[in-house]
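With mmCIF, C-alpha atoms (C1' of nucleotides) inside, this is target_36.cif:
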```cif
data_target
loop_
_atom_site.label_atom_id
_atom_site.label_comp_id
_atom_site.auth_asym_id
_atom_site.auth_seq_id
_atom_site.Cartn_x
_atom_site.Cartn_y
_atom_site.Cartn_z
CA MET A 172 0.00 0.00 0.00
CA ALA A 173 1.53 3.21 1.31
CA ALA A 174 -0.67 4.86 -1.26
CA THR A 175 -1.74 7.31 1.44
CA PRO A 176 0.79 10.08 1.95
CA LEU A 177 2.29 10.02 5.42
CA ARG A 178 0.94 13.49 5.98
CA GLU A 179 -2.69 12.46 5.63
CA ARG A 180 -2.21 9.21 7.47
CA THR A 181 -1.14 10.85 10.72
CA ARG A 182 -3.74 13.56 10.37
CA HIS A 183 -6.54 11.05 10.11
CA GLU A 184 -5.16 9.06 13.01
CA ILE A 185 -5.26 12.15 15.21
CA GLN A 186 -8.74 12.96 14.00
CA HIS A 187 -9.93 9.45 14.77
CA GLU A 188 -8.47 9.25 18.28
CA ALA A 189 -9.79 12.74 19.03
CA MET A 190 -13.26 11.59 18.00
CA VAL A 191 -13.09 8.61 20.34
CA LEU A 192 -11.88 10.71 23.26
CA PHE A 193 -14.33 13.55 22.67
CA ALA A 194 -17.11 10.99 22.59
CA ARG A 195 -15.99 9.37 25.82
CA LYS A 196 -15.08 12.39 27.92
CA GLY A 197 -16.39 15.45 26.11
CA TYR A 198 -14.48 18.28 24.49
CA ASP A 199 -13.43 20.35 27.50
CA ALA A 200 -12.29 17.34 29.51
CA THR A 201 -10.08 16.07 26.68
CA SER A 202 -6.68 17.72 26.50
CA LEU A 203 -4.34 17.82 23.54
CA GLN A 204 -2.02 15.67 25.62
CA ASP A 205 -4.74 13.02 25.96
CA ILE A 206 -5.12 12.94 22.19
CA ALA A 207 -1.38 12.75 21.65
CA ASN A 208 -1.10 9.87 24.12
CA ALA A 209 -3.87 7.97 22.37
CA VAL A 210 -2.21 8.41 18.99
CA GLY A 211 1.24 7.69 20.35
CA CYS A 212 2.82 10.97 19.32
CA SER A 213 3.67 14.23 21.02
CA LYS A 214 1.31 17.10 21.71
CA ALA A 215 3.41 19.23 19.39
CA THR A 216 2.63 16.86 16.54
CA VAL A 217 -1.09 17.36 17.06
CA LEU A 218 -0.52 21.09 16.80
CA TYR A 219 1.65 20.56 13.74
CA HIS A 220 -1.29 19.02 11.90
CA PHE A 221 -4.05 21.23 13.34
CA SER A 222 -3.89 24.93 14.02
CA GLY A 223 -5.37 24.49 17.50
CA LYS A 224 -7.82 22.56 19.61
CA PRO A 225 -10.91 24.09 17.94
CA ALA A 226 -9.54 23.01 14.56
CA VAL A 227 -9.39 19.40 15.80
CA LEU A 228 -12.99 19.70 16.91
CA ALA A 229 -14.05 21.15 13.57
CA ALA A 230 -12.39 18.25 11.75
CA VAL A 231 -14.11 15.73 14.00
CA LEU A 232 -17.50 17.33 13.55
CA GLU A 233 -17.20 18.01 9.84
CA PRO A 234 -18.65 14.73 8.49
CA SER A 235 -21.72 15.04 10.70
CA ALA A 236 -22.17 18.68 9.79
CA THR A 237 -21.99 17.85 6.10
CA ALA A 238 -24.48 15.02 6.48
CA LEU A 239 -26.91 17.25 8.34
CA ALA A 240 -26.64 19.95 5.71
CA ALA A 241 -27.31 17.36 3.02
CA LEU A 242 -30.34 16.11 4.93
CA VAL A 243 -32.01 19.51 5.20
CA SER A 244 -31.11 20.30 1.63
CA GLU A 245 -32.83 17.12 0.44
CA ALA A 246 -35.88 17.75 2.57
CA ALA A 247 -36.21 21.32 1.33
CA GLN A 248 -37.30 19.97 -2.06
CA LEU A 249 -40.21 17.93 -0.66
CA SER A 250 -43.75 18.81 0.35
CA PRO A 251 -44.08 19.94 3.99
CA ALA A 252 -45.50 16.61 5.16
CA ALA A 253 -42.93 14.53 3.31
CA ALA A 254 -40.16 16.88 4.44
CA GLN A 255 -41.12 16.41 8.07
CA LEU A 256 -41.09 12.64 7.74
CA HIS A 257 -37.78 12.69 5.91
CA ALA A 258 -36.31 14.96 8.56
CA ILE A 259 -37.51 12.74 11.40
CA LYS A 260 -36.09 9.57 9.94
CA GLY A 261 -32.91 11.14 8.62
CA PHE A 262 -32.13 13.03 11.79
CA ALA A 263 -32.81 10.05 14.04
CA ASP A 264 -30.51 7.96 11.90
CA LEU A 265 -27.80 10.60 11.83
CA ALA A 266 -27.94 11.15 15.58
CA VAL A 267 -27.88 7.46 16.39
CA ARG A 268 -24.98 6.73 14.10
CA GLY A 269 -22.89 9.55 15.51
CA ARG A 270 -24.23 9.36 19.00
CA GLY A 271 -20.93 9.47 20.79
CA LEU A 272 -20.29 12.95 19.50
CA ILE A 273 -23.47 14.42 20.85
CA SER A 274 -22.02 15.08 24.26
CA VAL A 275 -19.43 17.13 22.40
CA LEU A 276 -22.13 19.32 20.91
CA ASN A 277 -23.40 19.91 24.37
CA ASP A 278 -20.01 20.97 25.70
CA VAL A 279 -19.44 23.34 22.86
CA MET A 280 -22.95 24.74 22.47
CA PRO A 281 -22.45 27.75 24.78
CA THR A 282 -19.40 29.06 22.91
CA MET A 283 -20.43 27.93 19.45
CA GLY A 284 -21.73 31.33 18.49
CA GLU A 285 -18.23 32.79 18.69
CA MET A 286 -16.58 30.13 16.53
CA PRO A 287 -17.21 30.87 12.86
CA GLU A 288 -16.36 27.28 11.88
CA PHE A 289 -19.73 26.18 13.18
CA ASP A 290 -21.99 28.75 11.55
CA GLY A 291 -23.05 26.19 8.97
CA LEU A 292 -23.91 23.64 11.63
CA ILE A 293 -26.00 26.15 13.55
CA ALA A 294 -27.84 27.24 10.42
CA ALA A 295 -28.57 23.62 9.50
CA GLY A 296 -29.91 23.03 12.99
CA GLU A 297 -32.27 25.98 12.73
CA GLN A 298 -33.52 24.82 9.38
CA LEU A 299 -34.09 21.35 10.78
CA THR A 300 -36.23 22.87 13.53
CA ARG A 301 -38.32 24.63 10.89
CA LEU A 302 -38.77 21.44 8.88
CA LEU A 303 -39.87 19.51 11.96
CA ALA A 304 -42.23 22.21 13.16
CA GLY A 305 -43.89 22.44 9.75
CA SER A 306 -45.14 25.94 10.51
CA GLU A 307 -44.14 29.18 12.18
CA ASP A 308 -46.49 28.59 15.10
CA PRO A 309 -44.55 29.14 18.35
CA LEU A 310 -46.04 26.04 19.93
CA GLU A 311 -45.03 23.86 16.99
CA SER A 312 -41.56 25.38 16.92
CA GLY A 313 -41.26 24.75 20.62
CA LEU A 314 -42.30 21.13 20.18
CA ALA A 315 -39.73 20.75 17.41
CA GLU A 316 -37.00 22.11 19.70
CA PHE A 317 -38.28 19.83 22.42
CA ALA A 318 -38.01 16.88 20.06
CA ILE A 319 -34.46 17.74 19.03
CA ASN A 320 -33.39 18.21 22.63
CA GLY A 321 -35.01 14.99 23.71
CA LEU A 322 -33.37 13.09 20.90
CA LEU A 323 -29.93 14.53 21.58
CA GLY A 324 -30.27 13.84 25.28
CA GLU A 325 -31.46 10.32 24.72
CA CYS A 326 -28.63 9.51 22.32
CA ARG A 327 -26.13 10.98 24.78
CA GLY A 328 -27.44 9.10 27.77
CA SER A 329 -28.24 5.56 26.77
CA GLU A 330 -25.02 3.73 26.10
CA GLN A 331 -26.42 0.22 26.34
CA ARG A 332 -29.36 0.44 23.96
CA THR A 333 -28.71 -0.99 20.50
CA ASP A 334 -28.67 1.31 17.51
CA ASP A 335 -31.89 -0.13 16.14
CA ASP A 336 -33.78 0.15 19.40
CA LEU A 337 -32.60 3.68 19.90
CA ARG A 338 -33.55 4.72 16.38
CA GLU A 339 -37.01 3.25 16.76
CA LEU A 340 -37.49 4.95 20.10
CA CYS A 341 -36.50 8.32 18.69
CA VAL A 342 -38.75 8.01 15.65
CA THR A 343 -41.69 7.00 17.84
CA ALA A 344 -41.11 9.90 20.19
CA MET A 345 -40.84 12.47 17.42
CA ARG A 346 -43.93 11.12 15.70
CA ARG A 347 -45.90 11.52 18.91
CA LEU A 348 -44.55 14.98 19.52
CA LEU A 349 -44.92 16.64 16.14
CA SER A 350 -48.17 17.51 14.39
CA PRO A 351 -48.28 16.59 10.69
CA PRO A 352 -48.22 19.81 8.61
CA ALA A 353 -51.44 20.83 6.85
CA MET B 185 -32.27 44.51 62.15
CA ALA B 186 -28.96 42.72 62.04
CA ALA B 187 -30.98 39.79 63.29
CA THR B 188 -29.15 37.57 60.82
CA PRO B 189 -25.76 36.49 62.08
CA LEU B 190 -23.00 37.83 59.88
CA ARG B 191 -21.91 34.29 59.24
CA GLU B 192 -25.13 33.26 57.54
CA ARG B 193 -25.52 36.56 55.75
CA THR B 194 -22.25 36.25 53.81
CA ARG B 195 -22.81 32.58 53.18
CA HIS B 196 -26.15 33.22 51.55
CA GLU B 197 -24.76 36.09 49.54
CA ILE B 198 -22.08 33.81 48.12
CA GLN B 199 -24.64 31.12 47.43
CA HIS B 200 -26.89 33.59 45.62
CA GLU B 201 -24.19 35.09 43.42
CA ALA B 202 -22.87 31.62 42.63
CA MET B 203 -26.36 30.61 41.51
CA VAL B 204 -26.58 33.61 39.19
CA LEU B 205 -23.16 32.95 37.69
CA PHE B 206 -23.67 29.20 37.34
CA ALA B 207 -26.94 29.90 35.57
CA ARG B 208 -25.34 32.38 33.19
CA LYS B 209 -22.05 30.68 32.37
CA GLY B 210 -22.29 27.13 33.66
CA TYR B 211 -20.35 25.45 36.44
CA ASP B 212 -17.00 24.78 34.79
CA ALA B 213 -16.75 28.23 33.24
CA THR B 214 -17.38 29.97 36.57
CA SER B 215 -14.30 30.29 38.76
CA LEU B 216 -14.19 30.92 42.47
CA GLN B 217 -12.65 34.28 41.60
CA ASP B 218 -15.70 35.14 39.49
CA ILE B 219 -17.96 34.39 42.44
CA ALA B 220 -15.80 36.40 44.81
CA ASN B 221 -15.82 39.37 42.45
CA ALA B 222 -19.61 39.24 42.17
CA VAL B 223 -19.99 39.15 45.94
CA GLY B 224 -17.33 41.77 46.49
CA CYS B 225 -15.06 39.67 48.65
CA SER B 226 -11.89 37.66 48.17
CA LYS B 227 -11.63 34.15 46.82
CA ALA B 228 -10.31 33.05 50.19
CA THR B 229 -13.55 34.16 51.83
CA VAL B 230 -15.54 31.92 49.55
CA LEU B 231 -13.35 29.03 50.62
CA TYR B 232 -13.74 30.04 54.25
CA HIS B 233 -17.52 29.55 54.00
CA PHE B 234 -17.50 26.52 51.70
CA SER B 235 -15.12 23.61 51.78
CA GLY B 236 -14.53 23.78 48.02
CA LYS B 237 -16.11 24.49 44.68
CA PRO B 238 -18.28 21.34 44.72
CA ALA B 239 -19.66 22.40 48.10
CA VAL B 240 -20.79 25.69 46.58
CA LEU B 241 -22.50 23.76 43.83
CA ALA B 242 -24.19 21.46 46.30
CA ALA B 243 -25.52 24.44 48.25
CA VAL B 244 -26.84 26.04 45.08
CA LEU B 245 -28.53 22.85 43.93
CA GLU B 246 -29.89 21.83 47.32
CA PRO B 247 -33.27 23.61 47.20
CA SER B 248 -34.09 22.11 43.82
CA ALA B 249 -32.97 18.68 44.91
CA THR B 250 -35.18 18.87 48.00
CA ALA B 251 -38.15 20.02 45.95
CA LEU B 252 -37.67 17.17 43.48
CA ALA B 253 -37.44 14.64 46.27
CA ALA B 254 -40.63 16.02 47.78
CA LEU B 255 -42.35 15.81 44.42
CA VAL B 256 -41.59 12.14 43.85
CA SER B 257 -42.40 11.36 47.46
CA GLU B 258 -45.85 12.95 47.09
CA ALA B 259 -46.49 11.17 43.82
CA ALA B 260 -45.51 7.82 45.28
CA GLN B 261 -48.68 7.83 47.34
CA LEU B 262 -51.00 8.25 44.34
CA SER B 263 -52.44 5.84 41.81
CA PRO B 264 -50.21 5.31 38.74
CA ALA B 265 -52.29 7.55 36.51
CA ALA B 266 -52.59 10.34 39.06
CA ALA B 267 -48.90 10.00 39.90
CA GLN B 268 -47.94 10.47 36.28
CA LEU B 269 -50.05 13.60 35.97
CA HIS B 270 -48.70 14.99 39.21
CA ALA B 271 -45.16 14.26 38.10
CA ILE B 272 -45.66 15.96 34.74
CA LYS B 273 -47.10 19.13 36.20
CA GLY B 274 -44.80 19.27 39.19
CA PHE B 275 -41.65 18.58 37.22
CA ALA B 276 -42.49 21.09 34.52
CA ASP B 277 -43.13 23.71 37.17
CA LEU B 278 -39.94 22.88 39.03
CA ALA B 279 -37.82 22.94 35.90
CA VAL B 280 -39.27 26.20 34.65
CA ARG B 281 -38.84 27.96 37.96
CA GLY B 282 -35.22 26.90 38.30
CA ARG B 283 -34.45 26.91 34.62
CA GLY B 284 -31.22 28.84 34.84
CA LEU B 285 -29.64 26.06 36.82
CA ILE B 286 -30.34 23.38 34.26
CA SER B 287 -27.25 24.15 32.23
CA VAL B 288 -25.38 23.48 35.45
CA LEU B 289 -26.84 20.01 35.67
CA ASN B 290 -25.60 19.42 32.19
CA ASP B 291 -22.05 20.51 32.99
CA VAL B 292 -21.92 18.35 36.02
CA MET B 293 -23.77 15.28 34.74
CA PRO B 294 -20.67 13.39 33.54
CA THR B 295 -18.88 13.57 36.90
CA MET B 296 -21.96 13.42 39.10
CA GLY B 297 -21.58 9.73 39.78
CA GLU B 298 -18.32 10.37 41.62
CA MET B 299 -19.69 13.08 43.90
CA PRO B 300 -21.63 11.52 46.77
CA GLU B 301 -23.42 14.82 47.49
CA PHE B 302 -25.62 14.21 44.49
CA ASP B 303 -26.66 10.63 45.10
CA GLY B 304 -30.06 11.80 46.33
CA LEU B 305 -30.61 13.92 43.25
CA ILE B 306 -29.74 11.04 40.95
CA ALA B 307 -32.03 8.66 42.82
CA ALA B 308 -34.88 11.17 42.65
CA GLY B 309 -34.31 11.53 38.92
CA GLU B 310 -34.51 7.79 38.39
CA GLN B 311 -37.71 7.56 40.39
CA LEU B 312 -39.16 10.41 38.37
CA THR B 313 -38.42 8.46 35.21
CA ARG B 314 -40.29 5.48 36.62
CA LEU B 315 -43.29 7.61 37.57
CA LEU B 316 -43.45 9.15 34.12
CA ALA B 317 -43.04 5.84 32.33
CA GLY B 318 -45.82 4.26 34.38
CA SER B 319 -44.46 0.78 33.64
CA GLU B 320 -41.25 -1.16 33.27
CA ASP B 321 -41.64 -1.42 29.50
CA PRO B 322 -38.36 -0.36 27.86
CA LEU B 323 -40.17 1.72 25.27
CA GLU B 324 -42.13 3.61 27.91
CA SER B 325 -39.02 4.12 30.00
CA GLY B 326 -37.24 5.41 26.95
CA LEU B 327 -40.04 7.82 26.21
CA ALA B 328 -39.91 9.06 29.79
CA GLU B 329 -36.17 9.68 29.48
CA PHE B 330 -36.82 11.38 26.18
CA ALA B 331 -39.39 13.62 27.84
CA ILE B 332 -37.05 14.58 30.66
CA ASN B 333 -34.22 15.30 28.26
CA GLY B 334 -36.45 17.36 26.01
CA LEU B 335 -37.77 19.35 28.92
CA LEU B 336 -34.31 20.02 30.33
CA GLY B 337 -33.00 21.04 26.94
CA GLU B 338 -35.93 23.28 26.23
CA CYS B 339 -35.65 25.04 29.60
CA ARG B 340 -31.94 25.50 29.03
CA GLY B 341 -32.26 26.88 25.56
CA SER B 342 -35.17 29.28 25.43
CA GLU B 343 -34.27 32.37 27.36
CA GLN B 344 -36.92 34.61 25.87
CA ARG B 345 -40.03 32.52 26.41
CA THR B 346 -42.11 33.52 29.43
CA ASP B 347 -42.42 31.12 32.34
CA ASP B 348 -46.09 30.44 31.61
CA ASP B 349 -45.54 29.75 27.91
CA LEU B 350 -42.63 27.47 28.66
CA ARG B 351 -44.54 25.55 31.30
CA GLU B 352 -47.49 25.04 28.98
CA LEU B 353 -45.21 23.91 26.17
CA CYS B 354 -43.52 21.37 28.42
CA VAL B 355 -46.78 19.98 29.76
CA THR B 356 -48.17 19.66 26.24
CA ALA B 357 -45.07 17.89 25.03
CA MET B 358 -44.96 15.43 27.91
CA ARG B 359 -48.67 14.68 27.56
CA ARG B 360 -48.15 13.84 23.91
CA LEU B 361 -45.12 11.75 24.63
CA LEU B 362 -46.25 9.62 27.54
CA SER B 363 -48.90 6.91 27.48
CA PRO B 364 -51.35 7.02 30.40
CA PRO B 365 -50.73 4.03 32.70
CA ALA B 366 -53.36 1.28 32.70
"C1'" DT C 284 -12.40 48.51 78.01
"C1'" DT C 285 -10.50 44.41 76.72
"C1'" DG C 286 -9.41 40.03 74.95
"C1'" DA C 287 -10.89 35.90 72.74
"C1'" DA C 288 -13.35 34.26 68.75
"C1'" DA C 289 -14.93 34.99 64.21
"C1'" DA C 290 -14.38 36.82 59.69
"C1'" DT C 291 -11.54 38.37 56.04
"C1'" DT C 292 -7.53 38.91 53.25
"C1'" DG C 293 -3.11 39.00 50.17
"C1'" DG C 294 0.13 36.08 48.79
"C1'" DC C 295 1.62 31.86 47.63
"C1'" DC C 296 1.64 26.86 45.89
"C1'" DG C 297 1.23 23.12 42.55
"C1'" DC C 298 -0.92 21.82 38.62
"C1'" DA C 299 -2.74 21.29 33.99
"C1'" DC C 300 -3.85 23.57 30.13
"C1'" DG C 301 -3.16 25.48 25.09
"C1'" DG C 302 0.31 27.01 22.47
"C1'" DT C 303 5.30 28.24 20.53
"C1'" DC C 304 9.84 27.34 18.86
"C1'" DA C 305 14.41 25.89 17.65
"C1'" DG C 306 16.24 21.97 16.22
"C1'" DC C 307 16.58 16.84 15.03
"C1'" DA C 308 16.15 12.70 11.87
"C1'" DA C 309 14.84 10.97 7.43
"C1'" DG C 310 14.46 10.91 2.52
"C1'" DG C 311 14.36 12.49 -2.05
"C1'" DT C 312 16.99 15.43 -5.58
"C1'" DG C 313 20.61 18.18 -7.95
"C1'" DC D 214 28.25 14.37 -1.84
"C1'" DA D 215 25.62 18.59 -0.13
"C1'" DC D 216 21.09 20.53 0.28
"C1'" DC D 217 16.42 21.31 1.17
"C1'" DT D 218 11.85 19.83 2.43
"C1'" DT D 219 8.86 17.16 5.44
"C1'" DG D 220 7.44 15.17 9.70
"C1'" DC D 221 8.21 15.31 14.22
"C1'" DT D 222 9.74 16.36 19.10
"C1'" DG D 223 11.37 18.04 23.97
"C1'" DA D 224 11.66 21.93 26.37
"C1'" DC D 225 9.71 25.89 27.48
"C1'" DC D 226 6.21 29.86 28.30
"C1'" DG D 227 2.20 32.37 30.13
"C1'" DT D 228 -2.12 31.80 32.15
"C1'" DG D 229 -5.76 30.57 35.08
"C1'" DC D 230 -7.36 27.35 38.06
"C1'" DG D 231 -8.61 25.32 43.01
"C1'" DG D 232 -6.87 25.42 47.26
"C1'" DC D 233 -4.01 26.75 51.62
"C1'" DC D 234 -2.17 29.65 55.27
"C1'" DA D 235 -0.27 33.16 58.26
"C1'" DA D 236 -1.51 37.56 59.41
"C1'" DT D 237 -4.81 41.13 60.01
"C1'" DT D 238 -9.17 43.30 60.95
"C1'" DT D 239 -13.74 43.11 62.85
"C1'" DT D 240 -17.17 41.69 66.11
"C1'" DC D 241 -19.04 41.15 70.46
"C1'" DA D 242 -19.68 39.34 75.12
"C1'" DA D 243 -17.75 39.68 79.73
#
```
In structure tokens, how does this file's structure come out?
Amino acid sequence: MAATPLRERTRHEIQHEAMVLFARKGYDATSLQDIANAVGCSKATVLYHFSGKPAVLAAVLEPSATALAALVSEAAQLSPAAAQLHAIKGFADLAVRGRGLISVLNDVMPTMGEMPEFDGLIAAGEQLTRLLAGSEDPLESGLAEFAINGLLGECRGSEQRTDDDLRELCVTAMRRLLSPPA
Amino acid sequence: MAATPLRERTRHEIQHEAMVLFARKGYDATSLQDIANAVGCSKATVLYHFSGKPAVLAAVLEPSATALAALVSEAAQLSPAAAQLHAIKGFADLAVRGRGLISVLNDVMPTMGEMPEFDGLIAAGEQLTRLLAGSEDPLESGLAEFAINGLLGECRGSEQRTDDDLRELCVTAMRRLLSPPA
DNA sequence: TTGAAAATTGGCCGCACGGTCAGCAAGGTG
DNA sequence: CACCTTGCTGACCGTGCGGCCAATTTTCAA
């Protein structure tokens, strides 16, 4: 092999170990030294490949952010009712698959507004809320936020549930919570 | 006046300012120096009145923990259906009234298991889940967890909603989510 | 008034963090 | 061979944290 340049190989290794650690302990509680130890390199090497700790986070979150953006972009081309259904299923699936990272979101949420790397993620989240609510009614919007929060919390908390069980639970809950659009 | 001993007066002042700061910035992001500045005393004074930062947190959380324990204790004497209703209304009210502190819970959640001061709070939370679920069915338990997570997240996030609106939203959401016990 | 107890404080400690930098080893290229 | 680029590292820096302590001020009852 060795088809992968050494450069990219190490970078991905750091990214992967950072993902595991962020998922297990959260963003704040994971130090650059922790990541370096997991990879088996020095802290300086981590900072050679990434401009700083937030850049590592951005790299870890990027696939999920892209997937979420794709999801809302797909749903935007459907009728309101179909869009809501697509959003429910797609978001539940996305959250369950990347469930370890959800505690990270929670850590970072308060300071996210000041990090421009995450503007896209925030915007996608707001659009998801609108798709789930199906209208501008404050009650429906509130229920949509409630659903998102419940789903994120549930994915964060339950480590022992299987992916399939968790996905089914989330879809059931969101179905109960959200009114079908007119 | 001066009926209050100086001792208790300062202690409560620290507790109050800590509550405000924890609510605004979270537990981790609030330093003992921040609290001291808000009170107008030195950091050493804070540590004279409390044995450490976790003790300040415990004092701040204590009223809510007591109220939650009282709530589940009341509900335990009711029929399953009435208990569920009581738990929904009481918990929504409790969460809305102390909503600022909910972000604190979130900060502390990962390390809560290691702090024995919060064993009672955790136990009360588990009993609340059981009351809301109304049965031992995994799906119902999951929905109850979902409801609690959604409620906590919603109270954390929406700063601009009025207390009454938020309470109504939470009750509506939990009603939709939870099946009435047989 | 006075002296013990309570309350408060500035200064210090050790620690862990994110981040910087000069330099080392390796490997391809003229 | 010399030379330069690439990947990497140990040592170091400044900062802010929680916590501790000796010394000082304040309180208040005898």
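With all atoms listed in the file taken into account, every residue lying no more than 9 Å from the file point (9.3, 14.8, 19.7) is included here: Cys212, Ser213, Lys214, Ala215 and Thr216 of chain A; DC307 of chain C; DC221, DT222 and DG223 of chain D.
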(request) Quick one: pull the distance between atom CA of A:Leu265 and atom CA of B:Glu352, Å, one decimal. (result) 29.8 Å
(message) Tell me as a PyMOL selection string which residues belonging to chain A come within 8 Å of chain C, counting only C-alpha atoms (C1' of nucleotides).
(response) chain A and resi 202-203+223-224
(request) Please identify every residue of chain B that has at least one atom no more than 7 Å from any atom of chain A, counting all atoms listed in the file, and report them as a PyMOL selection string. (result) chain B and resi 323+326-327+329-331+333-335+337-338+353+357+360-361
Can you translate the PyMOL selection byres ((chain D) within 10 of (chain B)) into the concrete residues it hits in this file, as a PDB file with C-alpha atoms (C1' of nucleotides), in the coordinates of the input?
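See selection_7.pdb below for the written result:
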```
ATOM      1  C1'  DG D 229      -5.760  30.570  35.080  1.00  0.00           C
ATOM      2  C1'  DC D 230      -7.360  27.350  38.060  1.00  0.00           C
ATOM      3  C1'  DG D 231      -8.610  25.320  43.010  1.00  0.00           C
ATOM      4  C1'  DG D 232      -6.870  25.420  47.260  1.00  0.00           C
ATOM      5  C1'  DC D 233      -4.010  26.750  51.620  1.00  0.00           C
ATOM      6  C1'  DT D 240     -17.170  41.690  66.110  1.00  0.00           C
TER       7       DT D 240
END
```
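Computed from the coordinates, the atom CA of B:Gly224 to atom CA of B:Ile198 distance equals 9.4 Å.
With atom CA of A:Ala200 on one side and atom CA of A:Ala236 on the other, the separation reads 22.1 Å.
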Residue by residue, what does the PyMOL selection byres ((chain A and resi 245-260) around 8) grab here? Present the result as a PDB file with C-alpha atoms, in the coordinates of the input.
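The resulting file, selection_18.pdb, is shown below:
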```
ATOM      1  CA  ALA A 241     -27.310  17.360   3.020  1.00  0.00           C
ATOM      2  CA  LEU A 242     -30.340  16.110   4.930  1.00  0.00           C
ATOM      3  CA  VAL A 243     -32.010  19.510   5.200  1.00  0.00           C
ATOM      4  CA  SER A 244     -31.110  20.300   1.630  1.00  0.00           C
ATOM      5  CA  GLY A 261     -32.910  11.140   8.620  1.00  0.00           C
ATOM      6  CA  PHE A 262     -32.130  13.030  11.790  1.00  0.00           C
ATOM      7  CA  ALA A 263     -32.810  10.050  14.040  1.00  0.00           C
ATOM      8  CA  ASP A 264     -30.510   7.960  11.900  1.00  0.00           C
ATOM      9  CA  LEU A 299     -34.090  21.350  10.780  1.00  0.00           C
ATOM     10  CA  LEU A 302     -38.770  21.440   8.880  1.00  0.00           C
ATOM     11  CA  LEU A 303     -39.870  19.510  11.960  1.00  0.00           C
ATOM     12  CA  ALA A 304     -42.230  22.210  13.160  1.00  0.00           C
ATOM     13  CA  GLY A 305     -43.890  22.440   9.750  1.00  0.00           C
ATOM     14  CA  VAL A 342     -38.750   8.010  15.650  1.00  0.00           C
ATOM     15  CA  MET A 345     -40.840  12.470  17.420  1.00  0.00           C
ATOM     16  CA  ARG A 346     -43.930  11.120  15.700  1.00  0.00           C
ATOM     17  CA  PRO A 351     -48.280  16.590  10.690  1.00  0.00           C
ATOM     18  CA  PRO A 352     -48.220  19.810   8.610  1.00  0.00           C
ATOM     19  CA  ALA A 353     -51.440  20.830   6.850  1.00  0.00           C
TER      20      ALA A 353
END
```
(request) Write out as number ranges by chain which residues come within 9 Å of B:Phe302 when counting only C-alpha atoms (C1' of nucleotides), dropping same-chain ones fewer than 5 positions away. (result) B: 242, 249, 296-297, 307
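Using all atoms listed in the file, the shortest contact distance between A:Thr181 and any of A:Ile293, A:Ala194, A:Val217, A:Ala209 is found at A:Val217.
For the residues A:Asp205, A:Glu330, A:Tyr219, A:Phe193, ranking by smallest atom-to-atom distance to D:DT219 using only C-alpha atoms (C1' of nucleotides) places A:Tyr219 first.
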As a compact mmCIF listing (two decimals), keeping the file's coordinate frame, the rebuilt stretch 191-202 of chain B with N, CA and C atoms:
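Writing done, so here's part.txt:
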```txt
# COMPACT_ATOMS: atom_id res chain seq x y z
N ARG B 191 -22.29 35.56 59.84
CA ARG B 191 -21.91 34.29 59.24
C ARG B 191 -22.85 33.87 58.13
N GLU B 192 -24.14 33.75 58.51
CA GLU B 192 -25.13 33.26 57.54
C GLU B 192 -25.36 34.25 56.41
N ARG B 193 -25.27 35.53 56.75
CA ARG B 193 -25.52 36.56 55.75
C ARG B 193 -24.55 36.43 54.58
N THR B 194 -23.27 36.37 54.87
CA THR B 194 -22.25 36.25 53.81
C THR B 194 -22.41 34.94 53.06
N ARG B 195 -22.66 33.90 53.81
CA ARG B 195 -22.81 32.58 53.18
C ARG B 195 -23.91 32.60 52.13
N HIS B 196 -25.05 33.18 52.51
CA HIS B 196 -26.15 33.22 51.55
C HIS B 196 -25.86 34.13 50.37
N GLU B 197 -25.12 35.19 50.64
CA GLU B 197 -24.76 36.09 49.54
C GLU B 197 -23.90 35.35 48.52
N ILE B 198 -22.94 34.59 49.02
CA ILE B 198 -22.08 33.81 48.12
C ILE B 198 -22.93 32.80 47.34
N GLN B 199 -23.78 32.13 48.07
CA GLN B 199 -24.64 31.12 47.43
C GLN B 199 -25.49 31.74 46.32
N HIS B 200 -26.02 32.93 46.61
CA HIS B 200 -26.89 33.59 45.62
C HIS B 200 -26.12 34.00 44.37
N GLU B 201 -24.98 34.64 44.57
CA GLU B 201 -24.19 35.09 43.42
C GLU B 201 -23.67 33.89 42.63
N ALA B 202 -23.32 32.83 43.32
CA ALA B 202 -22.87 31.62 42.63
C ALA B 202 -24.00 31.08 41.75
```
